[in-house]
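J.: Here you go, upload-v4.cif (mmCIF, C-alpha atoms):
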data_model
#
loop_
_atom_site.label_atom_id
_atom_site.label_comp_id
_atom_site.auth_asym_id
_atom_site.auth_seq_id
_atom_site.Cartn_x
_atom_site.Cartn_y
_atom_site.Cartn_z
CA MET A 1 6.08 -0.86 -36.15
CA THR A 2 6.48 -2.92 -32.98
CA MET A 3 6.64 -2.10 -29.29
CA TYR A 4 10.43 -2.12 -29.64
CA ASP A 5 10.20 0.98 -31.85
CA MET A 6 8.38 2.76 -29.04
CA GLY A 7 11.68 2.80 -27.17
CA ARG A 8 12.74 5.70 -29.39
CA TYR A 9 9.92 7.78 -27.90
CA LEU A 10 10.05 6.31 -24.39
CA PRO A 11 13.77 5.63 -23.72
CA PHE A 12 13.21 4.22 -20.24
CA LEU A 13 11.51 1.17 -21.81
CA GLU A 14 14.83 -0.02 -23.20
CA GLN A 15 16.12 -0.49 -19.65
CA TRP A 16 13.33 -2.87 -18.69
CA GLN A 17 14.20 -6.36 -17.58
CA SER A 18 11.90 -9.30 -16.92
CA ALA A 19 10.86 -8.10 -13.43
CA ASP A 20 9.68 -4.79 -14.86
CA MET A 21 7.73 -6.48 -17.66
CA VAL A 22 6.00 -8.92 -15.31
CA ILE A 23 4.87 -6.01 -13.16
CA PHE A 24 3.71 -4.22 -16.31
CA SER A 25 1.48 -7.13 -17.32
CA ILE A 26 0.16 -7.81 -13.81
CA PHE A 27 -0.67 -4.11 -13.52
CA TYR A 28 -2.94 -4.59 -16.54
CA LEU A 29 -4.65 -7.55 -14.89
CA GLY A 30 -4.99 -5.54 -11.70
CA MET A 31 -6.63 -2.68 -13.60
CA TYR A 32 -9.24 -5.11 -14.88
CA LEU A 33 -10.00 -6.40 -11.39
CA TRP A 34 -10.20 -2.94 -9.85
CA LEU A 35 -12.40 -1.43 -12.55
CA GLU A 36 -14.64 -4.50 -12.66
CA ALA A 37 -14.84 -4.88 -8.87
CA THR A 38 -18.25 -3.23 -8.61
CA SER A 39 -19.87 -5.34 -11.34
CA LEU A 40 -18.35 -8.59 -10.04
CA GLY A 41 -19.36 -7.73 -6.48
CA ALA A 42 -22.93 -6.94 -7.50
CA SER A 43 -23.13 -10.28 -9.34
CA MET A 44 -22.01 -12.07 -6.16
CA ILE A 45 -24.66 -10.52 -3.92
CA ALA A 46 -27.52 -10.47 -6.44
CA PRO A 47 -29.44 -13.37 -4.81
CA LEU A 48 -29.34 -11.52 -1.47
CA VAL A 49 -30.70 -8.17 -2.65
CA LEU A 50 -32.69 -8.69 -5.87
CA LYS A 51 -36.10 -9.99 -4.80
CA ASN A 52 -38.39 -9.13 -7.72
CA GLU A 53 -38.41 -7.92 -11.31
CA ALA A 54 -38.44 -4.25 -10.27
CA ASP A 55 -35.20 -4.82 -8.33
CA LYS A 56 -33.58 -6.57 -11.29
CA THR A 57 -34.58 -3.76 -13.65
CA ALA A 58 -33.23 -1.12 -11.23
CA ALA A 59 -29.94 -3.00 -10.83
CA VAL A 60 -29.41 -3.34 -14.59
CA ARG A 61 -30.17 0.37 -15.01
CA ALA A 62 -27.69 1.28 -12.25
CA PHE A 63 -24.93 -0.69 -14.00
CA THR A 64 -25.61 0.58 -17.51
CA PRO A 65 -23.44 0.54 -19.57
CA VAL A 66 -22.84 -3.09 -18.59
CA PHE A 67 -19.89 -3.48 -20.95
CA GLN A 68 -17.10 -0.96 -20.26
CA ALA A 69 -14.31 -2.76 -22.17
CA ASN A 70 -12.51 -3.52 -18.89
CA GLU A 71 -11.80 -7.02 -20.19
CA LEU A 72 -9.33 -5.45 -22.64
CA TRP A 73 -7.00 -4.86 -19.68
CA ALA A 74 -7.06 -8.62 -19.01
CA VAL A 75 -6.44 -9.40 -22.71
CA ALA A 76 -3.42 -7.10 -22.76
CA GLY A 77 -1.96 -8.54 -19.55
CA ILE A 78 -2.35 -12.18 -20.58
CA TRP A 79 -1.04 -11.50 -24.10
CA TRP A 80 2.07 -9.81 -22.72
CA LEU A 81 2.81 -12.60 -20.24
CA VAL A 82 2.37 -15.37 -22.83
CA THR A 83 4.66 -13.55 -25.28
CA MET A 84 7.27 -12.75 -22.68
CA PHE A 85 7.62 -16.16 -21.04
CA PRO A 86 6.67 -18.91 -23.55
CA ALA A 87 8.99 -21.35 -21.78
CA SER A 88 7.11 -20.79 -18.50
CA MET A 89 3.70 -21.69 -19.90
CA PRO A 90 3.82 -25.28 -18.56
CA ALA A 91 4.11 -23.84 -15.04
CA TYR A 92 1.93 -20.74 -15.32
CA GLY A 93 -0.13 -21.24 -18.47
CA SER A 94 -2.92 -23.25 -16.86
CA ALA A 95 -3.51 -20.49 -14.30
CA LEU A 96 -3.71 -17.86 -17.07
CA TYR A 97 -6.05 -19.94 -19.21
CA ILE A 98 -8.39 -20.78 -16.31
CA GLY A 99 -8.47 -17.12 -15.32
CA GLY A 100 -9.16 -16.08 -18.92
CA VAL A 101 -12.08 -18.51 -19.24
CA LEU A 102 -13.61 -17.24 -15.99
CA VAL A 103 -13.19 -13.58 -17.01
CA PHE A 104 -14.78 -13.93 -20.42
CA GLY A 105 -17.44 -16.39 -19.31
CA GLY A 106 -18.57 -13.85 -16.72
CA MET A 107 -18.55 -11.07 -19.32
CA VAL A 108 -20.82 -13.08 -21.64
CA LEU A 109 -23.26 -13.89 -18.85
CA ARG A 110 -23.48 -10.27 -17.70
CA GLN A 111 -24.20 -9.15 -21.26
CA TRP A 112 -26.80 -11.88 -21.63
CA GLY A 113 -28.45 -10.92 -18.36
CA ALA A 114 -28.53 -7.22 -19.19
CA ARG A 115 -30.55 -7.94 -22.34
CA GLY A 116 -33.21 -9.69 -20.27
CA ALA A 117 -34.29 -11.80 -23.24
CA VAL A 118 -34.48 -15.09 -21.32
CA GLU A 119 -37.14 -15.92 -18.76
CA GLY A 120 -38.17 -18.85 -16.63
CA PHE A 121 -35.84 -21.76 -15.92
CA LEU A 122 -33.07 -20.56 -18.25
CA ALA A 123 -33.06 -17.17 -16.53
CA ARG A 124 -32.59 -18.83 -13.15
CA VAL A 125 -29.78 -20.97 -14.54
CA ARG A 126 -28.11 -17.89 -16.02
CA ARG A 127 -28.36 -15.98 -12.74
CA GLY A 128 -26.93 -18.92 -10.82
CA LEU A 129 -24.02 -19.28 -13.25
CA ASN A 130 -23.39 -15.54 -13.04
CA VAL A 131 -23.03 -15.75 -9.26
CA VAL A 132 -20.78 -18.82 -9.45
CA LEU A 133 -18.56 -17.31 -12.14
CA ALA A 134 -18.21 -14.00 -10.31
CA LEU A 135 -17.22 -15.74 -7.08
CA GLY A 136 -14.97 -18.18 -8.93
CA THR A 137 -13.22 -15.45 -10.93
CA VAL A 138 -12.34 -13.34 -7.90
CA PHE A 139 -11.49 -16.32 -5.68
CA PHE A 140 -9.25 -17.94 -8.29
CA LEU A 141 -7.44 -14.84 -9.54
CA PHE A 142 -6.58 -13.53 -6.08
CA THR A 143 -5.53 -16.93 -4.78
CA ALA A 144 -3.35 -17.41 -7.87
CA ALA A 145 -1.92 -13.89 -7.51
CA PHE A 146 -0.81 -14.42 -3.93
CA ALA A 147 0.38 -17.94 -4.75
CA LEU A 148 2.63 -16.35 -7.39
CA LEU A 149 3.88 -13.90 -4.78
CA LEU A 150 4.81 -16.61 -2.27
CA ASN A 151 5.96 -19.18 -4.85
CA ALA A 152 7.85 -16.83 -7.18
CA ASP A 153 11.06 -18.81 -6.77
CA SER A 154 9.48 -22.27 -7.20
CA GLY A 155 8.35 -21.92 -10.83
CA SER A 156 4.76 -22.87 -10.13
CA VAL A 157 1.41 -21.40 -9.09
CA PHE A 158 -0.41 -24.55 -8.04
CA GLY A 159 2.49 -26.56 -6.64
CA GLY A 160 3.87 -24.14 -4.08
CA ALA A 161 3.12 -22.91 -0.58
CA LEU A 162 -0.21 -21.16 -0.99
CA PHE A 163 -2.75 -22.30 -3.54
CA TRP A 164 -4.08 -25.50 -1.96
CA THR A 165 -3.73 -24.31 1.64
CA PRO A 166 -5.97 -22.57 4.22
CA LEU A 167 -4.08 -19.34 3.50
CA GLY A 168 -5.01 -19.66 -0.16
CA ALA A 169 -8.67 -20.07 0.77
CA LEU A 170 -8.37 -17.08 3.10
CA ALA A 171 -6.98 -14.97 0.23
CA GLY A 172 -9.95 -15.90 -1.96
CA VAL A 173 -12.54 -15.27 0.77
CA TRP A 174 -10.89 -11.94 1.64
CA ALA A 175 -11.10 -10.81 -1.98
CA CYS A 176 -14.70 -12.00 -2.47
CA LEU A 177 -15.85 -10.14 0.64
CA GLY A 178 -14.13 -6.93 -0.52
CA PHE A 179 -15.68 -7.14 -3.99
CA GLY A 180 -19.09 -7.99 -2.56
CA ALA A 181 -18.97 -4.93 -0.31
CA CYS A 182 -18.16 -2.68 -3.29
CA GLY A 183 -21.06 -4.09 -5.30
CA ALA A 184 -23.50 -3.72 -2.40
CA LEU A 185 -22.42 -0.15 -1.64
CA PHE A 186 -22.79 0.91 -5.26
CA LEU A 187 -26.29 -0.55 -5.42
CA ALA A 188 -27.16 1.15 -2.15
CA TRP A 189 -25.90 4.45 -3.56
CA LYS A 190 -27.60 4.27 -6.96
CA SER A 191 -30.88 2.53 -6.08
CA GLN A 192 -34.06 3.69 -4.40
CA ASN A 193 -35.61 1.84 -1.47
CA PRO A 194 -36.37 -0.91 -0.79
CA LEU A 195 -33.47 -2.16 -2.96
CA GLY A 196 -31.12 0.56 -1.74
CA GLU A 197 -31.75 -0.18 1.93
CA ARG A 198 -31.46 -3.91 1.36
CA ALA A 199 -28.13 -3.42 -0.41
CA ARG A 200 -26.88 -1.13 2.37
CA ALA A 201 -27.79 -3.72 5.01
CA THR A 202 -25.97 -6.39 2.99
CA SER A 203 -22.89 -4.18 2.78
CA LEU A 204 -22.89 -3.81 6.56
CA VAL A 205 -23.00 -7.57 7.07
CA ILE A 206 -20.20 -8.09 4.53
CA GLY A 207 -18.18 -5.25 6.05
CA ALA A 208 -18.48 -6.75 9.53
CA LEU A 209 -17.06 -9.99 8.13
CA TYR A 210 -14.46 -8.37 5.89
CA ILE A 211 -12.65 -6.28 8.51
CA PRO A 212 -11.53 -9.21 10.75
CA VAL A 213 -10.75 -11.35 7.69
CA HIS A 214 -8.64 -8.47 6.30
CA VAL A 215 -6.65 -8.24 9.53
CA ALA A 216 -6.21 -12.04 9.75
CA PHE A 217 -5.11 -12.32 6.13
CA LEU A 218 -2.51 -9.55 6.27
CA VAL A 219 -1.11 -10.76 9.60
CA THR A 220 -0.81 -14.31 8.25
CA LEU A 221 0.68 -13.07 4.98
CA TYR A 222 3.31 -11.12 6.89
CA ALA A 223 4.11 -14.13 9.08
CA VAL A 224 4.67 -16.57 6.21
CA GLY A 225 5.55 -14.26 3.33
CA ASN A 226 9.18 -13.38 4.06
CA ILE A 227 8.68 -9.73 3.14
CA PRO A 228 11.91 -7.96 2.10
CA GLN A 229 13.22 -5.87 4.97
CA GLU A 230 13.11 -2.62 3.02
CA LEU A 231 9.39 -3.13 2.32
CA SER A 232 8.30 -3.99 5.85
CA LEU A 233 7.40 -0.42 6.79
CA TYR A 234 5.50 0.06 3.55
CA PHE A 235 3.60 -3.20 4.13
CA PHE A 236 2.49 -2.03 7.57
CA ALA A 237 1.53 1.41 6.22
CA ALA A 238 -0.55 -0.17 3.44
CA ALA A 239 -2.18 -2.58 5.88
CA VAL A 240 -3.14 0.22 8.28
CA LEU A 241 -4.37 2.52 5.50
CA THR A 242 -6.58 -0.13 3.92
CA LEU A 243 -8.00 -1.02 7.33
CA VAL A 244 -8.77 2.64 8.02
CA LEU A 245 -10.46 2.99 4.62
CA TYR A 246 -12.68 -0.02 5.18
CA VAL A 247 -13.60 1.04 8.70
CA ALA A 248 -14.47 4.46 7.27
CA ALA A 249 -16.58 2.75 4.60
CA PHE A 250 -18.38 0.72 7.25
CA VAL A 251 -19.07 3.80 9.38
CA ALA A 252 -20.30 5.80 6.37
CA ALA A 253 -22.65 2.96 5.40
CA ARG A 254 -23.98 2.87 8.95
CA ARG A 255 -24.70 6.59 8.69
CA ARG A 256 -26.58 6.01 5.42
CA LYS A 257 -23.96 7.65 3.23
CA PRO A 258 -23.33 4.83 0.73
CA GLY A 259 -21.66 7.11 -1.83
CA GLN A 260 -18.90 8.06 0.61
CA ALA A 261 -18.64 4.44 1.76
CA TYR A 262 -18.24 3.23 -1.83
CA VAL A 263 -15.44 5.70 -2.56
CA CYS A 264 -13.56 4.65 0.61
CA ALA A 265 -13.88 0.97 -0.28
CA MET A 266 -12.69 1.50 -3.85
CA LEU A 267 -9.69 3.58 -2.73
CA SER A 268 -8.33 0.62 -0.79
CA GLY A 269 -7.77 -1.25 -4.07
CA PRO A 270 -4.86 0.86 -5.39
CA VAL A 271 -3.20 0.74 -1.95
CA ILE A 272 -3.27 -3.07 -1.87
CA ALA A 273 -2.14 -3.22 -5.52
CA ALA A 274 0.83 -0.91 -4.92
CA MET A 275 1.94 -3.00 -1.93
CA TYR A 276 1.57 -6.24 -3.91
CA LEU A 277 3.41 -4.98 -7.00
CA SER A 278 6.28 -3.51 -4.94
CA TRP A 279 6.75 -6.81 -3.10
CA LEU A 280 6.56 -8.94 -6.26
CA HIS A 281 8.94 -6.65 -8.16
CA ARG A 282 11.51 -6.89 -5.38
CA LEU A 283 11.32 -10.70 -5.37
CA LEU A 284 11.57 -10.96 -9.15
CA GLN A 285 14.70 -8.83 -9.19
CA ASP A 286 16.44 -11.53 -7.13
CA ILE A 287 15.33 -14.55 -9.13
CA SER A 288 14.95 -13.43 -12.77
CA THR A 289 17.48 -12.09 -15.25
CA ALA A 290 15.91 -12.57 -18.69
CA PRO A 291 14.32 -11.65 -20.98
CA LEU A 292 15.21 -8.02 -21.59
CA TRP A 293 13.02 -5.47 -23.33
CA GLY A 294 14.84 -6.03 -26.62
CA ASP A 295 14.06 -9.76 -26.50
CA VAL A 296 10.30 -9.34 -26.14
CA ALA A 297 9.22 -5.99 -27.55
CA PRO A 298 9.91 -6.84 -31.25
CA GLN A 299 7.28 -9.60 -30.98
CA ILE A 300 4.48 -7.23 -29.92
CA PRO A 301 2.90 -4.90 -32.52
CA ALA A 302 2.70 -1.23 -31.62
CA TRP A 303 -1.10 -1.30 -31.93
CA PHE A 304 -1.01 -3.44 -28.75
CA LEU A 305 -1.16 -0.09 -26.95
CA LEU A 306 -4.65 0.42 -28.40
CA LEU A 307 -6.03 -2.25 -26.05
CA PRO A 308 -5.37 -0.41 -22.76
CA ALA A 309 -6.06 2.95 -24.45
CA ALA A 310 -9.50 1.79 -25.59
CA ALA A 311 -10.16 0.18 -22.20
CA LEU A 312 -9.17 3.38 -20.41
CA LEU A 313 -11.39 5.62 -22.53
CA ALA A 314 -14.36 3.28 -22.38
CA GLY A 315 -13.90 2.80 -18.63
CA ILE A 316 -13.79 6.55 -18.00
CA ALA A 317 -16.89 7.14 -20.15
CA GLY A 318 -18.79 4.29 -18.51
CA THR A 319 -17.80 5.32 -15.00
CA ILE A 320 -18.88 8.91 -15.61
CA ALA A 321 -22.21 7.67 -16.98
CA ARG A 322 -22.79 5.50 -13.92
CA MET A 323 -21.78 8.16 -11.43
CA ARG A 324 -23.98 10.80 -13.01
CA ARG A 325 -27.05 8.60 -13.10
CA VAL A 326 -29.75 9.61 -10.64
CA PRO A 327 -31.64 6.70 -9.02
CA GLU A 328 -35.01 6.10 -10.61
CA GLU A 329 -37.97 6.95 -8.42
CA ARG A 330 -39.94 3.85 -7.50
CA GLN A 331 -43.54 3.72 -6.41
CA ARG A 332 -43.65 1.89 -3.11
CA GLU A 333 -46.19 -0.91 -3.16
CA PHE A 334 -47.96 -2.26 -0.12
CA GLY A 335 -47.20 -5.78 0.99
CA TRP A 336 -43.92 -7.40 2.02
CA ARG A 337 -44.00 -9.83 -0.91
CA LYS A 338 -43.71 -6.97 -3.36
CA ASN A 339 -41.32 -4.81 -1.42
CA GLY A 340 -39.00 -7.58 -0.25
#
Using the file provided, produce a representation of the structure as structure tokens.
T.:
Amino acid sequence: MTMYDMGRYLPFLEQWQSADMVIFSIFYLGMYLWLEATSLGASMIAPLVLKNEADKTAAVRAFTPVFQANELWAVAGIWWLVTMFPASMPAYGSALYIGGVLVFGGMVLRQWGARGAVEGFLARVRRGLNVVLALGTVFFLFTAAFALLLNADSGSVFGGALFWTPLGALAGVWACLGFGACGALFLAWKSQNPLGERARATSLVIGALYIPVHVAFLVTLYAVGNIPQELSLYFFAAAVLTLVLYVAAFVAARRRKPGQAYVCAMLSGPVIAAMYLSWLHRLLQDISTAPLWGDVAPQIPAWFLLLPAAALLAGIAGTIARMRRVPEERQREFGWRKNG
């Protein structure tokens, strides 16, 4: 049985054209980024908040289980895109392959770090690589995503109007700040002091930087992005709502309510994703006509659906486990060198 046979059970699939299938695959990639935002963000800010072994142990415990199978969303999205547009791989393949290497390299390093089996120089190298890969993954994927949005009619990610420009760098910085804030807020919520307070203070600094960058990025994107007229109102609504959510997160963190702040920050993700996918879908409808569902679906086995199903179940179980975990009580030691 292939995905084409699923059309008998889900008739609307048979009406899908290439624009719908691109959005389907990018939705999968977006699910990976949203569900992994906290872990990637914590990896980015680790050098700022983890000052001793007790902090590192508390952070690993807060993020257990480290592996939540979120990478399966990325596998499904990349697999679908490669199958659907083999002729486009010269233009888009390098972006997918670079993104895939960054995603899975980061996964391996996080698993390695969670085991804590390496000490000394190799441990420092591993931690440094983890930070670099987390920053690189988010920076690259978001810059490539918005390059695709602005260059959808040029047949390239790297050769168009965004990737190697100041706006491309702004997209990457904007995303890294947002992810870093989520990681810091989660650590502040699920860690005892002094780590919790240090993470909260870091989230406030990142939040103070993120809010003006968010405004600058969306204003610039609107100015150069040629948004379809029918989506202009929705773009402004999404921009205002995400700004309100991040201001609410900043205020909640200031009031020492990191749990509420974390929820507000994470809710902004689906709003941005919905705006992005609506815009991209509208553009693709104008410039793409093939392939249809019947051209692609017979090439994908029906068990392909097991990838997102397994990722969803594992993600739900892991998220529940993290949210239910009570911060471990830590004995406060005297001396700034030990407390950080």
J.: Smallest atom-to-atom distance to Phe250 (chain A): which of A:Val60, A:Val101, A:Ile227, A:Ile211, using only C-alpha atoms?
T.: A:Ile211
J.: One number please: CA of Trp79 (chain A) to CA of Pro301 (chain A), in Å, one decimal.
T.: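 A separation of 11.4 Å between them.
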J.: From the options A:Val271, A:Ala95, A:Val224, A:Val103, which residue's atoms come nearest to Val244 (chain A), counting all atoms listed in the file?
T.: A:Val271
J.: Any idea what the distance is between CA of Met275 (chain A) and CA of Thr165 (chain A)?
T.: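 CA of Met275 (chain A) sits 22.3 Å away from CA of Thr165 (chain A).
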J.: Which residue is closest to Ser43 (chain A)? Choose from A:Pro258, A:Pro308, A:Gly136, A:Pro228 and count all atoms listed in the file.
T.: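 Distance minimum relative to Ser43 (chain A) lands on A:Gly136.
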J.: Just want the 8 Å neighbourhood of Ser25 (chain A), counted on all atoms listed in the file, with same-chain residues fewer than 5 positions away dropped. Output as a ChimeraX atom specification.
T.: /A:76-78,80-81
J.: Could you state which residues are captured by the PyMOL selection byres ((chain A and resi 190-200) around 10) in this file, as an MDAnalysis selection string?
T.: chainID A and resid 42 45:46 48:52 54:56 58:59 61:63 181 183:189 201:206 250 253:254 256:259 261 322:332 338:340
J.: So how far away is CA of Arg255 (chain A) from CA of Val131 (chain A), in Å?
T.: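 These atoms are spaced 28.7 Å apart.
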J.: Which residues are near Tyr97 (chain A)? Cut-off 12 Å, all atoms listed in the file, ignore same chain within fewer than 2 positions. Put them as number ranges by chain.
T.: A: 74-75, 78-79, 81-82, 89-95, 99-105, 137, 140-141, 144
J.: Just want the 12 Å neighbourhood of Ala169 (chain A), counted on only C-alpha atoms, with same-chain residues fewer than 5 positions away dropped. Output as a tab-separated table (two decimals) with C-alpha atoms, in the frame of the given file.
T.:
chain	number	residue	atom	x	y	z
A	136	GLY	CA	-14.97	-18.18	-8.93
A	138	VAL	CA	-12.34	-13.34	-7.90
A	139	PHE	CA	-11.49	-16.32	-5.68
A	140	PHE	CA	-9.25	-17.94	-8.29
A	141	LEU	CA	-7.44	-14.84	-9.54
A	142	PHE	CA	-6.58	-13.53	-6.08
A	143	THR	CA	-5.53	-16.93	-4.78
A	144	ALA	CA	-3.35	-17.41	-7.87
A	146	PHE	CA	-0.81	-14.42	-3.93
A	147	ALA	CA	0.38	-17.94	-4.75
A	162	LEU	CA	-0.21	-21.16	-0.99
A	163	PHE	CA	-2.75	-22.30	-3.54
A	164	TRP	CA	-4.08	-25.50	-1.96
A	174	TRP	CA	-10.89	-11.94	1.64
A	175	ALA	CA	-11.10	-10.81	-1.98
A	176	CYS	CA	-14.70	-12.00	-2.47
A	213	VAL	CA	-10.75	-11.35	7.69
A	217	PHE	CA	-5.11	-12.32	6.13
J.: My list of candidates is A:Ala317, A:Ala237, A:Leu277, A:Met21. Which is closest to Thr83 (chain A) when distances are computed with all atoms listed in the file?
T.: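 Closest residue, counting all atoms listed in the file: A:Met21.
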